[in-house]
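Have a look at target35.cif below; it lists mmCIF, C-alpha atoms and all ligand atoms.
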data_target
#
loop_
_atom_site.group_PDB
_atom_site.id
_atom_site.type_symbol
_atom_site.label_atom_id
_atom_site.label_comp_id
_atom_site.auth_asym_id
_atom_site.auth_seq_id
_atom_site.Cartn_x
_atom_site.Cartn_y
_atom_site.Cartn_z
ATOM 1 C CA MET A 1 17.222 -5.046 22.485
ATOM 2 C CA ASN A 2 15.845 -2.116 20.492
ATOM 3 C CA PRO A 3 12.134 -1.697 21.434
ATOM 4 C CA VAL A 4 11.036 -1.530 17.779
ATOM 5 C CA SER A 5 12.892 -4.727 17.022
ATOM 6 C CA GLU A 6 11.515 -6.327 20.164
ATOM 7 C CA LYS A 7 7.921 -5.484 19.268
ATOM 8 C CA LEU A 8 8.380 -6.799 15.749
ATOM 9 C CA SER A 9 9.815 -10.086 17.037
ATOM 10 C CA LYS A 10 6.985 -10.400 19.542
ATOM 11 C CA CYS A 11 4.332 -9.908 16.870
ATOM 12 C CA TYR A 12 6.088 -12.352 14.578
ATOM 13 C CA GLU A 13 6.364 -14.975 17.327
ATOM 14 C CA SER A 14 2.701 -14.436 18.207
ATOM 15 C CA MET A 15 1.507 -15.096 14.662
ATOM 16 C CA LYS A 16 3.901 -17.520 13.039
ATOM 17 C CA ASP A 17 2.547 -20.642 14.728
ATOM 18 C CA LYS A 18 -1.063 -19.532 14.212
ATOM 19 C CA VAL A 19 -0.477 -19.199 10.473
ATOM 20 C CA PRO A 20 2.362 -21.286 9.078
ATOM 21 C CA PHE A 21 2.151 -19.775 5.599
ATOM 22 C CA LYS A 22 4.880 -18.415 3.333
ATOM 23 C CA PRO A 23 3.536 -15.727 1.008
ATOM 24 C CA GLN A 24 5.386 -14.775 -2.145
ATOM 25 C CA ILE A 25 3.629 -11.446 -2.615
ATOM 26 C CA ALA A 26 2.221 -9.086 0.007
ATOM 27 C CA LEU A 27 -0.720 -6.883 -0.920
ATOM 28 C CA VAL A 28 -2.007 -3.851 0.930
ATOM 29 C CA LEU A 29 -5.596 -2.927 0.136
ATOM 30 C CA GLY A 30 -6.510 0.733 0.517
ATOM 31 C CA SER A 31 -9.759 2.512 1.381
ATOM 32 C CA GLY A 32 -12.714 0.924 -0.336
ATOM 33 C CA LEU A 33 -10.482 -1.557 -2.167
ATOM 34 C CA GLY A 34 -10.649 -4.243 0.495
ATOM 35 C CA ASP A 35 -13.185 -6.276 -1.462
ATOM 36 C CA TYR A 36 -10.375 -7.521 -3.637
ATOM 37 C CA ALA A 37 -10.086 -10.226 -1.019
ATOM 38 C CA ASP A 38 -13.220 -11.828 -2.534
ATOM 39 C CA GLU A 39 -11.032 -12.762 -5.505
ATOM 40 C CA ILE A 40 -8.725 -15.041 -3.648
ATOM 41 C CA GLN A 41 -9.038 -18.455 -2.118
ATOM 42 C CA VAL A 42 -8.658 -17.496 1.511
ATOM 43 C CA GLU A 43 -7.009 -20.176 3.592
ATOM 44 C CA SER A 44 -6.524 -18.358 6.899
ATOM 45 C CA VAL A 45 -7.614 -15.114 8.462
ATOM 46 C CA LEU A 46 -5.726 -13.403 11.240
ATOM 47 C CA GLU A 47 -7.336 -10.394 12.893
ATOM 48 C CA TYR A 48 -4.818 -7.694 13.816
ATOM 49 C CA LYS A 49 -6.307 -7.589 17.309
ATOM 50 C CA ASP A 50 -5.281 -11.213 17.828
ATOM 51 C CA ILE A 51 -1.601 -10.441 17.239
ATOM 52 C CA GLU A 52 0.101 -9.475 20.469
ATOM 53 C CA GLY A 53 1.231 -5.838 20.405
ATOM 54 C CA PHE A 54 -0.097 -5.139 16.905
ATOM 55 C CA PRO A 55 -1.421 -1.597 16.189
ATOM 56 C CA VAL A 56 -5.151 -1.910 15.456
ATOM 57 C CA SER A 57 -6.724 0.200 12.696
ATOM 58 C CA THR A 58 -9.736 2.354 13.525
ATOM 59 C CA VAL A 59 -10.895 3.882 10.211
ATOM 60 C CA GLN A 60 -14.431 3.156 9.047
ATOM 61 C CA GLY A 61 -14.429 1.009 5.921
ATOM 62 C CA HIS A 62 -11.086 -0.513 6.871
ATOM 63 C CA LYS A 63 -11.156 -4.034 8.079
ATOM 64 C CA GLY A 64 -8.204 -4.913 10.206
ATOM 65 C CA ARG A 65 -6.848 -8.299 9.309
ATOM 66 C CA PHE A 66 -4.366 -10.355 7.360
ATOM 67 C CA LEU A 67 -5.746 -12.810 4.836
ATOM 68 C CA PHE A 68 -3.604 -15.683 3.653
ATOM 69 C CA GLY A 69 -4.430 -17.511 0.497
ATOM 70 C CA HIS A 70 -3.791 -18.006 -3.185
ATOM 71 C CA VAL A 71 -4.419 -15.933 -6.289
ATOM 72 C CA GLU A 72 -4.616 -18.966 -8.574
ATOM 73 C CA ASN A 73 -1.415 -20.714 -7.494
ATOM 74 C CA VAL A 74 0.414 -17.688 -6.083
ATOM 75 C CA PRO A 75 0.649 -17.573 -2.277
ATOM 76 C CA VAL A 76 -0.234 -14.109 -1.040
ATOM 77 C CA VAL A 77 -0.760 -12.294 2.210
ATOM 78 C CA ILE A 78 -3.258 -9.469 2.047
ATOM 79 C CA MET A 79 -3.575 -6.600 4.490
ATOM 80 C CA GLN A 80 -7.251 -5.813 4.494
ATOM 81 C CA GLY A 81 -6.994 -2.382 6.069
ATOM 82 C CA ARG A 82 -3.760 -0.661 6.982
ATOM 83 C CA VAL A 83 -2.493 1.325 9.941
ATOM 84 C CA HIS A 84 -2.390 5.107 9.393
ATOM 85 C CA TYR A 85 -0.120 7.691 10.949
ATOM 86 C CA TYR A 86 -3.130 9.996 11.552
ATOM 87 C CA GLU A 87 -4.589 7.417 13.926
ATOM 88 C CA GLY A 88 -1.878 8.460 16.335
ATOM 89 C CA TYR A 89 0.550 5.571 15.990
ATOM 90 C CA ALA A 90 4.295 6.022 15.828
ATOM 91 C CA MET A 91 5.651 5.567 12.301
ATOM 92 C CA THR A 92 7.447 2.434 13.451
ATOM 93 C CA ASP A 93 4.023 0.976 14.335
ATOM 94 C CA VAL A 94 2.529 2.126 11.044
ATOM 95 C CA VAL A 95 5.075 0.078 9.087
ATOM 96 C CA LEU A 96 5.199 -2.860 11.486
ATOM 97 C CA PRO A 97 2.785 -4.950 9.386
ATOM 98 C CA ILE A 98 4.908 -4.347 6.284
ATOM 99 C CA ARG A 99 7.953 -5.584 8.158
ATOM 100 C CA LEU A 100 5.981 -8.573 9.415
ATOM 101 C CA MET A 101 4.949 -9.570 5.897
ATOM 102 C CA LYS A 102 8.611 -9.513 4.882
ATOM 103 C CA LEU A 103 9.488 -11.714 7.865
ATOM 104 C CA MET A 104 6.765 -14.136 6.749
ATOM 105 C CA GLY A 105 8.663 -14.449 3.486
ATOM 106 C CA ALA A 106 7.055 -12.028 1.038
ATOM 107 C CA GLU A 107 9.532 -10.942 -1.640
ATOM 108 C CA ALA A 108 7.389 -8.318 -3.301
ATOM 109 C CA LEU A 109 4.981 -5.719 -1.966
ATOM 110 C CA PHE A 110 1.966 -4.502 -3.922
ATOM 111 C CA LEU A 111 0.651 -1.253 -2.411
ATOM 112 C CA THR A 112 -2.757 0.172 -3.235
ATOM 113 C CA ASN A 113 -4.587 3.212 -1.972
ATOM 114 C CA ALA A 114 -7.341 5.666 -2.658
ATOM 115 C CA ALA A 115 -5.855 9.069 -3.407
ATOM 116 C CA GLY A 116 -6.833 12.531 -4.500
ATOM 117 C CA GLY A 117 -5.884 13.501 -8.045
ATOM 118 C CA VAL A 118 -3.563 16.510 -8.161
ATOM 119 C CA ASN A 119 -2.772 16.296 -11.862
ATOM 120 C CA TYR A 120 -5.383 18.107 -14.017
ATOM 121 C CA ASP A 121 -5.161 15.297 -16.602
ATOM 122 C CA PHE A 122 -6.662 12.858 -14.095
ATOM 123 C CA ARG A 123 -10.324 12.072 -13.428
ATOM 124 C CA ALA A 124 -12.059 10.453 -10.464
ATOM 125 C CA GLY A 125 -12.032 6.711 -11.103
ATOM 126 C CA ASP A 126 -8.631 6.675 -12.853
ATOM 127 C CA PHE A 127 -5.874 4.325 -11.792
ATOM 128 C CA MET A 128 -2.378 5.693 -11.340
ATOM 129 C CA LEU A 129 0.682 3.491 -11.402
ATOM 130 C CA ILE A 130 3.011 4.926 -8.776
ATOM 131 C CA ARG A 131 6.331 5.846 -10.364
ATOM 132 C CA ASP A 132 7.854 7.555 -7.351
ATOM 133 C CA GLN A 133 6.870 9.145 -4.081
ATOM 134 C CA ILE A 134 7.332 12.173 -1.842
ATOM 135 C CA ALA A 135 7.323 11.323 1.859
ATOM 136 C CA SER A 136 9.074 14.426 3.133
ATOM 137 C CA PHE A 137 5.991 15.693 4.996
ATOM 138 C CA VAL A 138 5.764 12.718 7.340
ATOM 139 C CA PRO A 139 8.402 11.361 9.709
ATOM 140 C CA SER A 140 10.499 8.558 8.271
ATOM 141 C CA PRO A 141 9.773 5.116 9.718
ATOM 142 C CA LEU A 142 13.554 4.625 9.734
ATOM 143 C CA LEU A 143 14.227 7.333 12.349
ATOM 144 C CA GLY A 144 15.915 6.062 15.473
ATOM 145 C CA PRO A 145 18.472 3.294 15.840
ATOM 146 C CA ASN A 146 18.796 1.379 12.598
ATOM 147 C CA LEU A 147 17.438 -2.169 12.587
ATOM 148 C CA GLU A 148 20.553 -3.690 11.078
ATOM 149 C CA GLU A 149 18.864 -7.065 10.683
ATOM 150 C CA LEU A 150 16.377 -5.454 8.292
ATOM 151 C CA GLY A 151 18.510 -3.121 6.205
ATOM 152 C CA PRO A 152 21.202 -0.453 6.035
ATOM 153 C CA ARG A 153 21.267 2.858 7.938
ATOM 154 C CA PHE A 154 21.326 4.995 4.800
ATOM 155 C CA CYS A 155 19.283 3.246 2.191
ATOM 156 C CA ASP A 156 19.255 4.143 -1.466
ATOM 157 C CA MET A 157 15.862 5.386 -2.691
ATOM 158 C CA SER A 158 16.618 5.774 -6.397
ATOM 159 C CA GLU A 159 14.058 3.155 -7.475
ATOM 160 C CA VAL A 160 11.527 2.526 -4.721
ATOM 161 C CA TYR A 161 8.932 1.359 -7.266
ATOM 162 C CA ASP A 162 10.638 -1.405 -9.191
ATOM 163 C CA GLU A 163 11.035 -0.687 -12.882
ATOM 164 C CA ASP A 164 10.411 -4.317 -13.943
ATOM 165 C CA LEU A 165 7.202 -4.486 -11.935
ATOM 166 C CA ARG A 166 6.045 -1.217 -13.445
ATOM 167 C CA VAL A 167 6.604 -2.608 -16.926
ATOM 168 C CA ILE A 168 4.573 -5.703 -15.981
ATOM 169 C CA ILE A 169 1.656 -3.682 -14.598
ATOM 170 C CA ARG A 170 1.625 -1.302 -17.565
ATOM 171 C CA LYS A 171 1.478 -4.267 -19.926
ATOM 172 C CA ALA A 172 -1.223 -5.987 -17.862
ATOM 173 C CA ALA A 173 -3.366 -2.841 -17.993
ATOM 174 C CA GLU A 174 -2.831 -2.562 -21.737
ATOM 175 C CA ASP A 175 -3.757 -6.217 -22.326
ATOM 176 C CA LEU A 176 -6.902 -5.785 -20.235
ATOM 177 C CA GLY A 177 -7.834 -2.527 -21.970
ATOM 178 C CA ILE A 178 -7.700 -0.634 -18.683
ATOM 179 C CA PRO A 179 -6.391 2.925 -19.004
ATOM 180 C CA LEU A 180 -3.545 3.520 -16.578
ATOM 181 C CA LYS A 181 -2.114 6.881 -15.619
ATOM 182 C CA GLU A 182 1.282 7.143 -14.019
ATOM 183 C CA GLY A 183 2.754 9.533 -11.512
ATOM 184 C CA VAL A 184 4.198 10.603 -8.194
ATOM 185 C CA TYR A 185 2.352 9.945 -4.927
ATOM 186 C CA VAL A 186 2.645 12.516 -2.150
ATOM 187 C CA GLN A 187 1.951 11.465 1.422
ATOM 188 C CA LEU A 188 0.669 14.068 3.881
ATOM 189 C CA THR A 189 -0.329 13.270 7.433
ATOM 190 C CA GLY A 190 -4.095 13.884 7.140
ATOM 191 C CA PRO A 191 -6.603 13.264 8.609
ATOM 192 C CA SER A 192 -8.029 16.499 7.245
ATOM 193 C CA TYR A 193 -8.084 16.642 3.478
ATOM 194 C CA GLU A 194 -5.785 19.227 1.936
ATOM 195 C CA THR A 195 -6.552 22.874 1.433
ATOM 196 C CA PRO A 196 -6.511 24.106 -2.170
ATOM 197 C CA ALA A 197 -3.167 25.789 -1.379
ATOM 198 C CA GLU A 198 -1.708 22.494 -0.203
ATOM 199 C CA VAL A 199 -2.951 20.752 -3.326
ATOM 200 C CA ASN A 200 -1.222 23.467 -5.365
ATOM 201 C CA MET A 201 1.926 22.865 -3.370
ATOM 202 C CA CYS A 202 1.801 19.144 -4.159
ATOM 203 C CA ARG A 203 1.477 19.920 -7.861
ATOM 204 C CA VAL A 204 4.321 22.457 -7.827
ATOM 205 C CA LEU A 205 6.506 19.855 -6.123
ATOM 206 C CA GLY A 206 5.848 17.369 -8.893
ATOM 207 C CA GLY A 207 3.091 15.335 -7.271
ATOM 208 C CA ASP A 208 0.255 13.744 -9.239
ATOM 209 C CA ALA A 209 -1.768 12.223 -6.412
ATOM 210 C CA VAL A 210 -2.068 12.914 -2.710
ATOM 211 C CA GLY A 211 -2.966 10.630 0.163
ATOM 212 C CA MET A 212 -2.366 9.719 3.776
ATOM 213 C CA SER A 213 -0.523 6.412 3.529
ATOM 214 C CA THR A 214 1.704 4.286 1.334
ATOM 215 C CA ALA A 215 4.931 6.312 1.004
ATOM 216 C CA CYS A 216 6.074 5.464 4.538
ATOM 217 C CA GLU A 217 5.378 1.799 3.750
ATOM 218 C CA GLY A 218 7.410 2.217 0.579
ATOM 219 C CA ILE A 219 10.348 3.458 2.659
ATOM 220 C CA ALA A 220 10.191 0.568 5.136
ATOM 221 C CA ALA A 221 9.869 -2.042 2.387
ATOM 222 C CA ASN A 222 12.657 -0.479 0.336
ATOM 223 C CA HIS A 223 14.875 -0.521 3.433
ATOM 224 C CA MET A 224 14.355 -4.304 3.597
ATOM 225 C CA GLY A 225 15.102 -4.761 -0.100
ATOM 226 C CA MET A 226 11.580 -5.765 -1.141
ATOM 227 C CA LYS A 227 10.485 -5.294 -4.719
ATOM 228 C CA ILE A 228 7.696 -2.734 -4.575
ATOM 229 C CA CYS A 229 4.895 -1.651 -6.852
ATOM 230 C CA GLY A 230 1.835 0.462 -6.251
ATOM 231 C CA ILE A 231 -1.413 1.638 -7.762
ATOM 232 C CA SER A 232 -3.502 4.580 -6.588
ATOM 233 C CA CYS A 233 -7.190 4.640 -7.272
ATOM 234 C CA ILE A 234 -7.952 8.301 -7.903
ATOM 235 C CA SER A 235 -11.122 8.411 -5.861
ATOM 236 C CA ASN A 236 -11.652 12.158 -6.240
ATOM 237 C CA MET A 237 -9.945 15.195 -7.621
ATOM 238 C CA ALA A 238 -8.084 16.878 -4.776
ATOM 239 C CA CYS A 239 -9.555 19.842 -2.963
ATOM 240 C CA GLY A 240 -9.961 23.062 -4.922
ATOM 241 C CA MET A 241 -9.781 21.350 -8.316
ATOM 242 C CA THR A 242 -13.549 21.007 -8.636
ATOM 243 C CA GLU A 243 -16.518 22.773 -7.090
ATOM 244 C CA ASN A 244 -17.302 19.883 -4.766
ATOM 245 C CA PRO A 245 -16.213 19.643 -1.151
ATOM 246 C CA LEU A 246 -14.618 16.276 -0.347
ATOM 247 C CA SER A 247 -16.099 13.496 1.672
ATOM 248 C CA HIS A 248 -14.968 10.056 2.762
ATOM 249 C CA LYS A 249 -18.249 8.821 1.251
ATOM 250 C CA GLU A 250 -17.193 10.027 -2.225
ATOM 251 C CA VAL A 251 -13.833 8.295 -1.807
ATOM 252 C CA GLN A 252 -15.572 5.012 -1.013
ATOM 253 C CA GLU A 253 -18.234 5.332 -3.718
ATOM 254 C CA THR A 254 -15.620 5.838 -6.431
ATOM 255 C CA ALA A 255 -13.574 2.925 -5.151
ATOM 256 C CA ASP A 256 -16.714 0.742 -5.252
ATOM 257 C CA ARG A 257 -17.501 1.810 -8.802
ATOM 258 C CA VAL A 258 -14.087 0.901 -10.175
ATOM 259 C CA ALA A 259 -13.609 -2.191 -8.009
ATOM 260 C CA PRO A 260 -14.295 -4.742 -10.807
ATOM 261 C CA LEU A 261 -11.581 -3.250 -13.059
ATOM 262 C CA PHE A 262 -9.257 -2.884 -10.137
ATOM 263 C CA LYS A 263 -9.667 -6.571 -9.271
ATOM 264 C CA LYS A 264 -8.843 -7.627 -12.820
ATOM 265 C CA LEU A 265 -5.764 -5.424 -12.943
ATOM 266 C CA ILE A 266 -4.460 -6.645 -9.593
ATOM 267 C CA THR A 267 -5.028 -10.318 -10.364
ATOM 268 C CA THR A 268 -3.345 -10.226 -13.763
ATOM 269 C CA SER A 269 -0.470 -8.174 -12.373
ATOM 270 C CA VAL A 270 0.030 -10.474 -9.368
ATOM 271 C CA LEU A 271 0.159 -13.590 -11.568
ATOM 272 C CA ARG A 272 2.693 -12.016 -13.909
ATOM 273 C CA ILE A 273 4.784 -10.579 -11.083
ATOM 274 C CA ALA A 274 4.970 -14.023 -9.479
ATOM 275 C CA LYS A 275 6.235 -15.493 -12.768
ATOM 276 C CA HIS A 276 8.780 -12.698 -13.010
ATOM 277 C CA LEU A 277 10.022 -13.337 -9.448
ATOM 278 C CA GLU A 278 10.522 -17.005 -10.241
ATOM 279 C CA ALA A 279 12.378 -16.377 -13.493
HETATM 280 N N1 LIG B 1 -6.552 13.665 -0.146
HETATM 281 C C1 LIG B 1 -5.910 12.873 0.725
HETATM 282 N N2 LIG B 1 -6.183 11.585 0.864
HETATM 283 C C2 LIG B 1 -7.143 11.065 0.087
HETATM 284 C C3 LIG B 1 -7.855 11.837 -0.844
HETATM 285 C C4 LIG B 1 -7.535 13.220 -0.961
HETATM 286 O O1 LIG B 1 -8.108 13.966 -1.764
HETATM 287 N N3 LIG B 1 -8.720 11.011 -1.456
HETATM 288 C C5 LIG B 1 -8.540 9.785 -0.909
HETATM 289 N N4 LIG B 1 -7.580 9.806 0.017
#
So, in terms of structure tokens, how does the structure I just supplied come out?
Amino acid sequence: MNPVSEKLSKCYESMKDKVPFKPQIALVLGSGLGDYADEIQVESVLEYKDIEGFPVSTVQGHKGRFLFGHVENVPVVIMQGRVHYYEGYAMTDVVLPIRLMKLMGAEALFLTNAAGGVNYDFRAGDFMLIRDQIASFVPSPLLGPNLEELGPRFCDMSEVYDEDLRVIIRKAAEDLGIPLKEGVYVQLTGPSYETPAEVNMCRVLGGDAVGMSTACEGIAANHMGMKICGISCISNMACGMTENPLSHKEVQETADRVAPLFKKLITTSVLRIAKHLEA
């Protein structure tokens, strides 16, 4: 058996009896956004370290666990803390939790992250609906033998971020009076923040926000045919765009400041997405 497939099966076997729960929507909470979990009725918690073979996240401010519960009546699985490529894991490990959430039964994936604003029209604290992504600077999680049971060798990437879900989130933001920017997310490896020249490069390439996660997860989920949507919290303007040097502290402080609005937007969007999936 393919080792990637084997590891995935092992993790799935190790968790499925511990948590017999079928989520409809999977949510990934980015840096500083993990408090969203306070919004849901948590029914079970599964620490990543208790799943056999699971890559364990090491970043400060990232908890490492799955939460299972309901947003109102919608069954969700939440990743409170993700696995990053810069931690030294293989890309296949980085996306393993995404694949697991699909195996659990999640039909849709809601990705969130903290990101640097590359677009001069953005401000720290803005939300950006992800329209598309650039993942060309990190290895694809699909390299190596194709996992035929998950998806095709050459998968179409023409609409990674589902148009219907984007319409739903845009409308939710409008109804809540929350301004929502929209744009292209660029994933770089990190862990250093970008140089001003790299930020320029991202802009020239058509990027609006830059970060160290998410796009590889988008590829893995798209490969499996999940419906995907994503929101970046612009926690800072990217390097060189303001006078200030960047710090992880700033990223977290901005995320904390906008957390209440973020929670509202996620909850309303999740409820409407669930309705849409059932229709
Ligand atoms: N660059 C990369 N990743 C980030 C940033 C940034 O400016 N802010 C939050 N995550």
- [ ] Would you please work out which residue, of A:Arg166, A:Arg131, A:His84, A:Lys102, is nearest to ligand LIG 1 (chain B) when using only C-alpha atoms and all ligand atoms?
- [x] A:His84
Open item on the list: Since I can't run it myself right now, could you work out what the PyMOL selection byres (((chain A and resi 233) around 7) and not hetatm) selects here and report it as a PyMOL selection string?
Closed with: chain A and resi 113-115+125-128+231-232+234-235+255
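If all atoms listed in the file are the atoms counted, then among A:Leu109, A:Leu46, A:Ile78, A:Val19 the closest residue to A:Met224 is A:Leu109.
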Task: Test item: the PyMOL selection byres (((chain A and resi 252) around 10) and not hetatm) resolved as a PyMOL selection string - done: chain A and resi 31-33+61+114+235-236+247-251+253-257
If you keep C-alpha atoms, can you produce a file of those selected residues as a PDB file, in the frame of the given file?
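Saved result, again-v1.pdb, follows:
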ATOM      1  CA  SER A  31      -9.759   2.512   1.381  1.00  0.00           C
ATOM      2  CA  GLY A  32     -12.714   0.924  -0.336  1.00  0.00           C
ATOM      3  CA  LEU A  33     -10.482  -1.557  -2.167  1.00  0.00           C
ATOM      4  CA  GLY A  61     -14.429   1.009   5.921  1.00  0.00           C
ATOM      5  CA  ALA A 114      -7.341   5.666  -2.658  1.00  0.00           C
ATOM      6  CA  SER A 235     -11.122   8.411  -5.861  1.00  0.00           C
ATOM      7  CA  ASN A 236     -11.652  12.158  -6.240  1.00  0.00           C
ATOM      8  CA  SER A 247     -16.099  13.496   1.672  1.00  0.00           C
ATOM      9  CA  HIS A 248     -14.968  10.056   2.762  1.00  0.00           C
ATOM     10  CA  LYS A 249     -18.249   8.821   1.251  1.00  0.00           C
ATOM     11  CA  GLU A 250     -17.193  10.027  -2.225  1.00  0.00           C
ATOM     12  CA  VAL A 251     -13.833   8.295  -1.807  1.00  0.00           C
ATOM     13  CA  GLU A 253     -18.234   5.332  -3.718  1.00  0.00           C
ATOM     14  CA  THR A 254     -15.620   5.838  -6.431  1.00  0.00           C
ATOM     15  CA  ALA A 255     -13.574   2.925  -5.151  1.00  0.00           C
ATOM     16  CA  ASP A 256     -16.714   0.742  -5.252  1.00  0.00           C
ATOM     17  CA  ARG A 257     -17.501   1.810  -8.802  1.00  0.00           C
TER      18      ARG A 257
END
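Here the question is which of A:Ile25, A:Ala274, A:Leu261, A:Cys202 gets nearest to ligand LIG 1 (chain B) using only C-alpha atoms and all ligand atoms, and that residue is A:Cys202.
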Task: For ligand LIG 1 (chain B), the nearest of the candidates A:Ile130, A:Val258, A:Ala124, A:Val94, counting all atoms listed in the file - done: A:Ala124
Taking the file above as input, evaluate the PyMOL selection byres (((chain A and resi 268) around 10) and not hetatm) and report the hits as a JSON list (two decimals) with C-alpha atoms, in the frame of the given file.
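What follows is the written file result10.json:
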[["chain", "number", "residue", "atom", "x", "y", "z"],
["A", 71, "VAL", "CA", -4.42, -15.93, -6.29],
["A", 168, "ILE", "CA", 4.57, -5.70, -15.98],
["A", 169, "ILE", "CA", 1.66, -3.68, -14.60],
["A", 171, "LYS", "CA", 1.48, -4.27, -19.93],
["A", 172, "ALA", "CA", -1.22, -5.99, -17.86],
["A", 173, "ALA", "CA", -3.37, -2.84, -17.99],
["A", 175, "ASP", "CA", -3.76, -6.22, -22.33],
["A", 176, "LEU", "CA", -6.90, -5.78, -20.24],
["A", 263, "LYS", "CA", -9.67, -6.57, -9.27],
["A", 264, "LYS", "CA", -8.84, -7.63, -12.82],
["A", 265, "LEU", "CA", -5.76, -5.42, -12.94],
["A", 266, "ILE", "CA", -4.46, -6.64, -9.59],
["A", 267, "THR", "CA", -5.03, -10.32, -10.36],
["A", 269, "SER", "CA", -0.47, -8.17, -12.37],
["A", 270, "VAL", "CA", 0.03, -10.47, -9.37],
["A", 271, "LEU", "CA", 0.16, -13.59, -11.57],
["A", 272, "ARG", "CA", 2.69, -12.02, -13.91],
["A", 273, "ILE", "CA", 4.78, -10.58, -11.08]]
- [ ] Find the residues around A:Asp132 up to 12 Å (only C-alpha atoms counted), leave out those fewer than 5 positions away in its own chain, and share them as an NGL selection string.
- [x] :A and (157-163 or 166 or 182-187 or 206-209 or 214-215 or 218-219 or 228-232)
Open item on the list: Let me make sure I understand: among A:Val118, A:Met91, A:Val199, A:Val210, which one has the smallest atom-to-atom distance to ligand LIG 1 (chain B) if we use all atoms listed in the file?
Closed with: A:Val210
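Among A:Ala26, A:Met79, A:Cys239, A:Leu277, the residue with the shortest atom-to-atom distance to ligand LIG 1 (chain B), counting only C-alpha atoms and all ligand atoms, is A:Cys239.
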Task: Straight-line distance linking atom CA of A:Leu150 with atom CA of A:Asp93, stated in Å to one decimal - done: 15.2 Å
TODO: Just the residues within 12 Å of A:Pro3, please, counting only C-alpha atoms, with nothing from its chain fewer than 3 positions along; format it as number ranges by chain.
DONE: A: 6-10, 53, 92-93, 144-147
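Atom CA of A:Pro141 sits 19.7 Å away from atom CA of A:Met104.
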For A:Ile51, find every residue with an atom within 8 Å (counting only C-alpha atoms), except residues of its own chain fewer than 5 positions away, and show them as a PDB file with C-alpha atoms, in the frame of the given file.
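Done, and the output landed in result_26.pdb:
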ATOM      1  CA  CYS A  11       4.332  -9.908  16.870  1.00  0.00           C
ATOM      2  CA  SER A  14       2.701 -14.436  18.207  1.00  0.00           C
ATOM      3  CA  MET A  15       1.507 -15.096  14.662  1.00  0.00           C
ATOM      4  CA  LEU A  46      -5.726 -13.403  11.240  1.00  0.00           C
TER       5      LEU A  46
END
TODO: Would you kindly return, as a VMD selection string, each protein, DNA or RNA residue with an atom no farther than 8 Å from any atom of A:Tyr48, considering all atoms listed in the file and excluding same-chain residues fewer than 3 positions away?
DONE: chain A and resid 51 54 to 56 64 to 66
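Of note, atom CA of A:Thr189 and atom CA of A:Ala106 are spaced 27.1 Å apart.
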